[in-house]
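J.: Sharing a structure, written as structure tokens. Questions coming.
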Amino acid sequence: MKEVLTLGEILVEVMAKNIGQTFTKAGEFLGPFPSGAPAIFINQVAKMGVPATMIGCVGKDDFGKVCLTRLEESGVDCRLIETHEDRPTGTAFVTYHQDGNRDFIFNIQHSAASLCRLNGAAITALQNCSVFHIMGSSINTPDMIGLVRRAIALVKEGGGLISFDPNVRKELLHDQTVVGFFNEVLSKTDIFMPSGDELLSLTSTESVESALKALWILGVREVVLKKGQKGCDYYDRNNVISKPSFSVKEVDATGAGDTFGGTFVACRVLGYSPEYSLDLANAAGALAVSAMGPMEGAATESELETFISNWHTQEEVEHV
Ligand code: ATP
Ligand code: MG
């Protein structure tokens with residue numbers, strides 16, 4: 001089986017313990033947890049038993065060890081993750097608002113996390129992968145634009161597919177050229193996985209119908225819209241599938257979309273139907289929000305199946 005590949009930020013995440021806590025007052029924080037949107041994604045691809053490789057960089061410090069150890073334990077091929085001598089591993093601090101919104105303080109640009117490089121081995125991996133996944137949160141500098149543009153060309157040369165999750169973080173979007181570049185990425189995308197209002201905002205449209213029309217013209221093949229606790233919608237040129245979420249107690253929303261995306265892409269590489277892939281991805285998202293820490297709810301395919309069957313049994317019991 002050909003591998004799924006991604007590149008971008010590898011971070012540790014430190015999160016506020018209590019909802020409503022702010023960054024301006026001393027409070028309790030939990031972590032460090034291994035994190036970084038592309039790292040969360042690829043960790044879940046590996047958990048699904050699909051060959052998974054990441055291109056990235058960590059610092060020569062314990063935070064870097066936290067990330068590498070977790071990715072290796074999950075089965076991610078980390079040979080293209082470099083360890084930088086001087087720069088520290090990237091970090092993200094998160095607080096949660098009462099309304100479910102979050103604030104982040106990132107240290108990506110000046111950390112090892114932004115030092116992605118395409119060496120000879122990375123170039124070969126890009127030319128040979130089945131799917132290359134792009135996280136919008138990784139594209140935050142002109143250098144990253146150049147790197148992702150080159151990576152896309154290499155993947156296309158080798159006949160691989162591109163999956164794209166815009167994963168817009170207001171804290172990382174300073175540069176208008178980055179916003180413009182998202183359009184270029186979309187025109188190369190096969191599987192598009194936006195969440196919330198990203199479907200309309202990135203296509204500059206006002207309805208799902210117009211957004212889909214624009215995406216099919218660009219050459220996109222599948223669109224999966226993540227809708228948090230409302231589940232997800234799937235679209236291709238011939239089908240629309242809506243799936244409710246598995247309702248669970250949300251402990252920590254961070255990483256749900258990335259875990260969902262990793263599951264969906266892994267399932268499609270495994271040849272599963274969109275319908276079944278969405279069920280497993282929804283289950284993966286539900287397990288992700290049930291655990292504190294972005295990768296802590298990551299699950300194997302058999303764990304996802306067990307979760308789904310237990311969840312249905314529980315539902316039946318509650319409705320008797
Ligand atoms: P993030 O960028 O924070 O990782 P996202 O905005 O990309 O997340 P969401 O739509 O929040 O993605 O979540 C992805 C998927 O996870 C949803 O489609 C759903 O399947 C699942 N999920 C999210 N929140 C919940 C919840 N509260 N209960 C059950 N499932 C959830
Ligand atoms: Mg997201």
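Chain labels run A, B, ... following the order of the structure tokens; each chain numbers its residues from 1, and ligands are numbered from 1 in the order shown.
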Residues up to 10 Å from ligand 2, counting only C-alpha atoms and all ligand atoms: could you list those as a list in words?
T.: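 The residues near ligand 2 are Ala37, Met135, Gly136, Ser137, Asp165, Pro166, Asn167, Val168, Arg169, Met193, Pro194, Ser195, Gly196, Glu198, Lys226, Gly228, Ala253, Thr254, Gly255, Ala256, Gly257, Asp258, Thr259, Phe260 and Gly261 of chain A.
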J.: Based on the backbone DSSP call, show me all residues of stretch 47-187 of chain A assigned strand (DSSP E or B), as a VMD selection string.
T.: chain A and resid 52 to 59 77 81 to 84 90 to 96 102 to 107 131 to 135 161 to 165
J.: Mind checking which residues fall within 8 Å of A:Thr91, counting only C-alpha atoms, ignoring those fewer than 5 positions away in the same chain, and posting them as a count of residues only?
T.: 7
J.: Between A:Gly27, A:Gly262, A:Gly59, A:Gly20, which is the closest to A:His133 once you count only C-alpha atoms?
T.: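 Looking at the shortest contact to A:His133, the residue is A:Gly262.
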J.: Let me make sure I understand: among A:Leu202, A:Met48, A:Arg87, A:Gln109, which one has the smallest atom-to-atom distance to A:Glu305 if we use only C-alpha atoms?
T.: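 Among the listed residues, the smallest separation from A:Glu305 belongs to A:Met48.
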J.: What's the 9 Å shell around stretch 148-156 of chain A, counting only C-alpha atoms, without same-chain residues fewer than 6 positions away, as a list in words?
T.: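 Contacts, in chain order: Leu7, Leu118, Ile123, Thr124, Ala125, Leu126, Gln127, Asn128, Cys129, Ser130, Val131, Phe132, Ile134, Ile139, Ile162, Glu184, Val185 and Lys188 of chain A.
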J.: Pick the closest to ligand 1 from A:Thr313, A:Asn238, A:Gln229, A:Asn140: which is it, counting only C-alpha atoms and all ligand atoms?
T.: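 That would be A:Gln229, the residue with the smallest distance to ligand 1.
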J.: Give me, as a PyMOL selection string, all polymer residues having an atom no more than 7 Å from A:Ile10, counting only C-alpha atoms and skipping those fewer than 3 positions away in the same chain.
T.: chain A and resi 35-36+39+56-58+90+113
J.: If we count only C-alpha atoms, what is near A:Val224 at a cut-off of 12 Å, once residues fewer than 2 positions away on the same chain are taken out, given as a PyMOL selection string?
T.: chain A and resi 163-166+190-196+198-199+208+212+220-222+226-227+231-236+239-243+257+260-261+264-265+274-275+277-278+281-282
J.: Taking into account only C-alpha atoms, which residue in the set A:Ile217, A:Ala46, A:Ile105, A:Ala16 is nearest to A:Ala266?
T.: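 The answer is A:Ala46, which sits nearest to A:Ala266.
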J.: Might you pull out every residue within 9 Å of A:Leu80, with only C-alpha atoms counted and same-chain residues fewer than 2 positions away left off, and present them as a list in words?
T.: Thr53, Met54, Ile55, Gly56, Cys57, Asp77, Cys78, Glu82, Arg117, Leu118, Asn119, Ala121 and Ala122 of chain A
J.: Here is a test: counting only C-alpha atoms and all ligand atoms, which residue of A:Phe33, A:Phe246, A:Phe181, A:Phe307 is nearest to ligand 1?
T.: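 Checking each candidate against ligand 1, we get A:Phe246 as the closest.
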J.: Between atom 29 (C, counted along the ligand's line) of ligand 1 and atom CA of A:Ser245, what distance in Å does the model show, to one decimal?
T.: 5.0 Å
J.: DSSP says alpha helix (DSSP H) for which residues of stretch 97-201 of chain A? Put them as a PyMOL selection string?
T.: chain A and resi 120-128+142-157+176-186+198-201
J.: Would you mind exporting N, CA, C and O atoms of the selected residues as a compact mmCIF listing (two decimals), in the first residue's frame?
T.:
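Just written: part.txt:
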```txt
# COMPACT_ATOMS: atom_id res chain seq x y z
N GLY A 120 16.35 15.18 -0.36
CA GLY A 120 16.21 14.18 -1.43
C GLY A 120 15.18 13.11 -1.07
O GLY A 120 14.34 12.73 -1.91
N ALA A 121 15.23 12.63 0.18
CA ALA A 121 14.32 11.56 0.60
C ALA A 121 12.87 12.06 0.61
O ALA A 121 11.93 11.34 0.25
N ALA A 122 12.70 13.33 1.02
CA ALA A 122 11.34 13.90 1.06
C ALA A 122 10.79 14.04 -0.37
O ALA A 122 9.60 13.77 -0.62
N ILE A 123 11.65 14.42 -1.29
CA ILE A 123 11.23 14.56 -2.69
C ILE A 123 10.76 13.20 -3.23
O ILE A 123 9.70 13.09 -3.84
N THR A 124 11.53 12.16 -2.95
CA THR A 124 11.15 10.81 -3.40
C THR A 124 9.82 10.40 -2.77
O THR A 124 8.95 9.84 -3.45
N ALA A 125 9.68 10.70 -1.47
CA ALA A 125 8.43 10.32 -0.78
C ALA A 125 7.23 11.04 -1.41
O ALA A 125 6.17 10.44 -1.63
N LEU A 126 7.40 12.31 -1.74
CA LEU A 126 6.30 13.08 -2.35
C LEU A 126 5.93 12.51 -3.72
O LEU A 126 4.75 12.42 -4.06
N GLN A 127 6.95 12.09 -4.46
CA GLN A 127 6.67 11.55 -5.81
C GLN A 127 5.99 10.19 -5.76
O GLN A 127 5.38 9.76 -6.72
N ASN A 128 6.11 9.52 -4.61
CA ASN A 128 5.60 8.14 -4.52
C ASN A 128 4.39 7.95 -3.62
O ASN A 128 3.92 6.83 -3.46
N PRO A 142 5.85 33.15 3.45
CA PRO A 142 6.15 33.00 2.02
C PRO A 142 7.01 31.76 1.75
O PRO A 142 6.84 31.09 0.74
N ASP A 143 7.91 31.42 2.69
CA ASP A 143 8.75 30.22 2.51
C ASP A 143 7.88 28.97 2.44
O ASP A 143 8.11 28.08 1.63
N MET A 144 6.88 28.92 3.34
CA MET A 144 6.01 27.74 3.36
C MET A 144 5.18 27.66 2.08
O MET A 144 4.89 26.57 1.59
N ILE A 145 4.79 28.83 1.55
CA ILE A 145 4.05 28.83 0.28
C ILE A 145 4.90 28.16 -0.80
O ILE A 145 4.44 27.26 -1.51
N GLY A 146 6.16 28.57 -0.88
CA GLY A 146 7.06 28.01 -1.90
C GLY A 146 7.22 26.51 -1.72
O GLY A 146 7.20 25.74 -2.69
N LEU A 147 7.39 26.11 -0.47
CA LEU A 147 7.61 24.69 -0.17
C LEU A 147 6.39 23.84 -0.52
O LEU A 147 6.51 22.77 -1.15
N VAL A 148 5.21 24.32 -0.14
CA VAL A 148 3.98 23.56 -0.41
C VAL A 148 3.71 23.52 -1.92
O VAL A 148 3.32 22.48 -2.45
N ARG A 149 3.98 24.64 -2.60
CA ARG A 149 3.79 24.67 -4.07
C ARG A 149 4.67 23.60 -4.74
O ARG A 149 4.23 22.86 -5.60
N ARG A 150 5.93 23.52 -4.28
CA ARG A 150 6.87 22.54 -4.85
C ARG A 150 6.41 21.11 -4.52
O ARG A 150 6.43 20.22 -5.36
N ALA A 151 5.96 20.93 -3.28
CA ALA A 151 5.50 19.61 -2.85
C ALA A 151 4.31 19.15 -3.70
O ALA A 151 4.26 18.00 -4.16
N ILE A 152 3.38 20.06 -3.94
CA ILE A 152 2.19 19.71 -4.74
C ILE A 152 2.63 19.26 -6.14
O ILE A 152 2.15 18.25 -6.66
N ALA A 153 3.57 19.99 -6.73
CA ALA A 153 4.02 19.65 -8.09
C ALA A 153 4.63 18.24 -8.10
O ALA A 153 4.37 17.45 -9.01
N LEU A 154 5.41 17.92 -7.07
CA LEU A 154 6.05 16.60 -7.01
C LEU A 154 5.01 15.49 -6.87
O LEU A 154 5.09 14.44 -7.49
N VAL A 155 3.98 15.74 -6.05
CA VAL A 155 2.92 14.74 -5.84
C VAL A 155 2.18 14.51 -7.14
O VAL A 155 1.92 13.37 -7.55
N LYS A 156 1.84 15.60 -7.81
CA LYS A 156 1.09 15.49 -9.07
C LYS A 156 1.92 14.75 -10.14
O LYS A 156 1.36 13.95 -10.89
N GLU A 157 3.22 15.02 -10.16
CA GLU A 157 4.13 14.31 -11.08
C GLU A 157 4.02 12.80 -10.90
O GLU A 157 4.01 12.04 -11.85
N GLN A 176 -1.76 38.34 3.58
CA GLN A 176 -2.80 38.18 2.56
C GLN A 176 -2.37 37.25 1.42
O GLN A 176 -3.20 36.60 0.80
N THR A 177 -1.04 37.15 1.19
CA THR A 177 -0.60 36.24 0.13
C THR A 177 -0.94 34.80 0.50
O THR A 177 -1.19 33.97 -0.36
N VAL A 178 -0.97 34.52 1.80
CA VAL A 178 -1.33 33.17 2.26
C VAL A 178 -2.78 32.89 1.90
O VAL A 178 -3.12 31.82 1.36
N VAL A 179 -3.66 33.86 2.14
CA VAL A 179 -5.08 33.68 1.83
C VAL A 179 -5.24 33.42 0.33
O VAL A 179 -5.97 32.52 -0.10
N GLY A 180 -4.51 34.20 -0.48
CA GLY A 180 -4.54 34.01 -1.94
C GLY A 180 -4.05 32.62 -2.32
O GLY A 180 -4.59 31.98 -3.22
N PHE A 181 -3.04 32.15 -1.62
CA PHE A 181 -2.45 30.85 -1.95
C PHE A 181 -3.44 29.70 -1.69
O PHE A 181 -3.37 28.67 -2.36
N PHE A 182 -4.35 29.89 -0.73
CA PHE A 182 -5.36 28.86 -0.47
C PHE A 182 -6.16 28.55 -1.75
O PHE A 182 -6.52 27.42 -2.00
N ASN A 183 -6.42 29.57 -2.57
CA ASN A 183 -7.14 29.35 -3.83
C ASN A 183 -6.33 28.48 -4.78
O ASN A 183 -6.88 27.61 -5.45
N GLU A 184 -5.04 28.73 -4.80
CA GLU A 184 -4.16 27.92 -5.66
C GLU A 184 -4.17 26.46 -5.18
O GLU A 184 -4.25 25.53 -5.98
N VAL A 185 -4.10 26.26 -3.85
CA VAL A 185 -4.11 24.90 -3.30
C VAL A 185 -5.43 24.22 -3.67
O VAL A 185 -5.45 23.05 -4.09
N LEU A 186 -6.52 24.98 -3.55
CA LEU A 186 -7.84 24.41 -3.87
C LEU A 186 -7.90 23.90 -5.31
O LEU A 186 -8.51 22.87 -5.58
N GLU A 198 -15.67 27.72 6.55
CA GLU A 198 -14.54 27.70 5.60
C GLU A 198 -14.99 27.32 4.18
O GLU A 198 -14.39 27.78 3.21
N LEU A 199 -16.04 26.50 4.06
CA LEU A 199 -16.51 26.10 2.72
C LEU A 199 -16.93 27.33 1.91
O LEU A 199 -16.57 27.47 0.75
N LEU A 200 -17.69 28.22 2.56
CA LEU A 200 -18.16 29.41 1.84
C LEU A 200 -17.07 30.47 1.74
O LEU A 200 -16.87 31.08 0.69
N SER A 201 -16.32 30.67 2.84
CA SER A 201 -15.35 31.76 2.83
C SER A 201 -14.23 31.49 1.83
O SER A 201 -13.80 32.39 1.12
```
J.: Quick one: distance from atom CA of A:Thr24 to atom CA of A:His97 in Å, one decimal?
T.: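 Between atom CA of A:Thr24 and atom CA of A:His97 the gap works out to 13.6 Å.
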J.: Between A:Ala288, A:Leu71, A:Val269, A:Cys116, which is the closest to A:Gly160 once you count only C-alpha atoms?
T.: A:Val269
